[in-house]
Each structure stands twice: as C-alpha cells, then as structure tokens.
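Shown next, in structure tokens, is the structure this report addresses.
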Amino acid sequence: MAVRTLPHAGWMDRPGLDRLAIALDADAGGARYVGGAVRDTLLARDVSDIDIATIHTPAEVVRRLEAAGIKAVPTGIAHGTVTAISDGTVVEVTTLRHDLTTDGRHAEVAFTDDWQADAARRDFTINALYADLRGGTVHDYFGGLDDLAAGRVRFIGDPLRRIAEDHLRILRFFRFLARFGDVPDADGLAACIARANDLMALSRERIADELLKLLATRGAVAIVRLMVTYGILRPVLPEIDAAAVDRLTALAATEAAAALPADPIRRLAALLPPAQAEAVAARLKLSNAQRKRIAVALAIDPPQPPLALGYRIGIEGAIDRALLAGDIDAVAELRDWTRPVLPLSGGALVERGLAKGPDVARALRAVETQWIAERFPDADRTAAIADAVVDQWLRAIRNR
C-alpha cells in the first residue's frame, strides 16, 4: 500500500510545535499526532485541538518538556495525559496505553510503547490514525483510511466489547456518523441497539454533552431519526420521539432557508415537548443559561410583532421562536436589528408632574407600551407620548 502523508494545513504552523517535536524525540519515533487532527486534516476540515501520543511515560514527558522550557500541566497524569503549552500553543500529550480493566464508565490503564496496542483501545478506526510530527507519514493499524474515504464509522474490534468498555461510545458512534458517515456500519449499529440500556449508567451531563455535539453536525436530523427509529435514546430520553424528529426536521429546514448555522440548544428545544422541556433540561443538568434559553424559546405568549417580541424577550429568544415557528420573514426582520433603549426615564415623568412612587413605574410602562407599538420612535416622539400619558394619568388621579 502506498504511504499516505498528511497534506500541509494551517494548524501545523502554530508556534511551538517544532520545539515540542524535538523535546519528545519525534524524529526517532517518540511521538506522533493522533486522532482528530489527523482525521480532519485528511478530510480538509478545520482543526481546533491538537493531540500527540508518545512512547514516553508521563513523568518522562514532564521532565522533557521542562528541560526544553515548555510548560507542562499534569491535567490527567494518572491516565497519561500532560498538557504542553509551547510558545502559546496548547497540546494534549498522552502516553501510549492499553486497558487493564473497564466498567463502562472508567478504565484502569497501563502504559506501553506499542503503537498498535494504543490504537486497539481507541473507539473507531477513523480516530486511530497517527501521523509523524515531521513529514506527516500516516500510520493506520485498523483500516481507518479506507473507512474515512468510504464515510464509514466502524468500531475497532468487537463492537459489543468496545461498548462494554465505555458506554458513551454508543452516543459517540452516532455523533461521528452524523459528522463523517453516510451509512451506519451494520455491526456497530446492531451493537448500539442491543446495548442501548447501558446509557442509563452514564451521568446525564455526559449524555447532554454528546447530544449537543451531535445536534450541531451536518447530519444531525437523519441520525437523530435513526436513533429514535431504533430506540437508542428511549432509556434516557423517552421524550424524544418521532414527533420530536419531525419538529427538528422542520427547524433544520428553516435554519437552512434563513442561512443560519445549526444551533444545538435551539435544536434541543425543538426535540422537547414544551410541557416536559423544563424537567428534561434539569435532568440533563444543562446550565442555567441553557435552561432559560429553552424555556424562553418554548414559552407561549400572546402573538406580537417580531420586533416587539425581540424587545421584550431578547433578540436571541425571538429568533429562536421564529425559527421554531418556521417564520422566515420574522427572522429576516430580527437578525440585523439592534434592541433599542427607551429614550425616557421615570425622572422625566416626575418632571412632568407625577409624584414619585408606584404611579411613575406604571406610567413609564404605559409609555413604553405605546413606544413599542409605534416601532420605537425617536426621542421627540417619545416625549410626546410621555406628555399624553402623564396628562391622562394626572386627570385620572384628580378623578379618584
């Protein structure tokens, strides 16, 4: 087979990588790029994170980095990972490993200098590709290059065993299929179906993290439909059913028509029945901001013009509602709009004769309501509205 090398990509020019290669003795086979950076470069996709695998033990990695003046942070040293910060470039450096024991959530590992043993413990063939730090020669132990070319996501070895080692691999199988695949590997899909109940052993935070990553992908709609069809999510998210997939499908079509990127929180909102959304968001332990956004997106209020709604609930919330409702015109009106500020204060109403107190707040709300109804006129028109409101208010007070 012809030797495959990585094409040059911009991330390879990041400062500090040469120093790191020298420190880890990469020219003598001491370290290689691994995983996403290799996979995505071969696909001509952007690379964000850089991971390096090395034959050196974690303690030796730290010693070598410090000797080279590279900052070493022991972020996961018990599992072999040291974060190297070289001239501002952040790289995860992990010692080659093989599993001793696993329980579906955690693994006890031993360090090794066997590249194929390290590859064998990884999840999918497309994630077990290595490349030399110098020259970019690709090392493929399990047919990952062929799978990458075919758009195939395939477990390394026995899929059932791989899932038993780490239950999260069920969700990762579908996430990677949504990013890189076309047709699911039959053995992998069958294993995920058979072991779907294993998801119940995972923390809900890990489930939420994988689901949100999946929803941000190009193939999210088709893959979520596949997952619902085969009951993958039923043990942990029974609320996501065929009707939910239909809502997601409609939202994705509206996002595309509006030329807006996929937004995972908005897409999750589409998947959740409004009456159960708050409970599901809490179960998934989403952040307070994420939970609030979902609640705002799914709230049912009296109909309002798009800009009035944007003013009252925020532009993001109004766009979410418009997209969920399939209202392209409302999205177009909101997307480049800046939420204005009422050019009037309560003090201006006091100057017009209102006594300080609750009447001022109520009158100011009346001014704001008229200002919104007139589509946010300028300060002069707002002052005229205030004159009329205060006059009406003072007459009402005199007649009490």
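FYI, nothing fancy with the structure tokens labels: chains A, B, ... in order, residues from 1 per chain, ligands from 1 as they appear.
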List the neighbours of Leu96 in chain A out to 8 Å using only C-alpha atoms; skip same-chain residues closer than 6 positions along the sequence, and give me the result as an NGL selection string.
-> :A and (53-56 or 80 or 111-115 or 117-118)
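If you measure from each of A:Ile397, A:Ala37, A:Leu342, A:Ala9 to Pro377 in chain A using only C-alpha atoms, the closest one turns out to be A:Leu342.
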Distance query Leu237 in chain A at most 10 Å, only C-alpha atoms, self and fewer than 3 positions along chain excluded, as a PyMOL selection string | chain A and resi 200+207+228+231-234+240-241+272+280+283-284
Looking only at alpha helix (DSSP H) from DSSP on the backbone, list the matching residues of range 79-210 of chain A as a PyMOL selection string.
-> chain A and resi 115-120+144-150+159-165+169-180+186-194+204-210
Set the distance at 9 Å and use only C-alpha atoms: which residues neighbour Arg247 in chain A once local chain neighbours fewer than 5 positions away are removed? I'd like the list as a tab-separated table (two decimals) with N, CA and C atoms, in the first residue's frame.
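What follows is the written file selection-v1.tsv:
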```tsv
chain	number	residue	atom	x	y	z
A	242	ALA	N	-40.83	10.25	17.54
A	242	ALA	CA	-40.95	10.55	16.10
A	242	ALA	C	-41.47	11.97	15.87
A	252	ALA	N	-34.58	22.49	11.09
A	252	ALA	CA	-33.36	22.45	10.27
A	252	ALA	C	-33.62	23.04	8.89
A	267	ARG	N	-31.95	23.44	18.66
A	267	ARG	CA	-32.38	22.15	18.13
A	267	ARG	C	-32.86	21.23	19.25
A	270	ALA	N	-36.33	22.13	20.01
A	270	ALA	CA	-37.27	21.57	19.04
A	270	ALA	C	-37.61	20.12	19.37
A	271	LEU	N	-36.67	19.40	19.95
A	271	LEU	CA	-36.89	17.99	20.25
A	271	LEU	C	-37.74	17.76	21.49
A	324	LEU	N	-38.42	28.22	15.20
A	324	LEU	CA	-39.24	27.07	15.61
A	324	LEU	C	-40.63	27.13	15.00
```
Please provide as a PyMOL selection string all residues within 12 Å of Arg63 in chain A, with the sequence filter that same-chain residues fewer than 3 positions apart are discarded (counting only C-alpha atoms).
-> chain A and resi 23-24+56-60+66-74+82+84
Polymer residues at most 9 Å from Leu334 in chain A, only C-alpha atoms, same-chain spacing of 6 or more positions, as a PyMOL selection string = chain A and resi 306-307+310+315-316+318-319
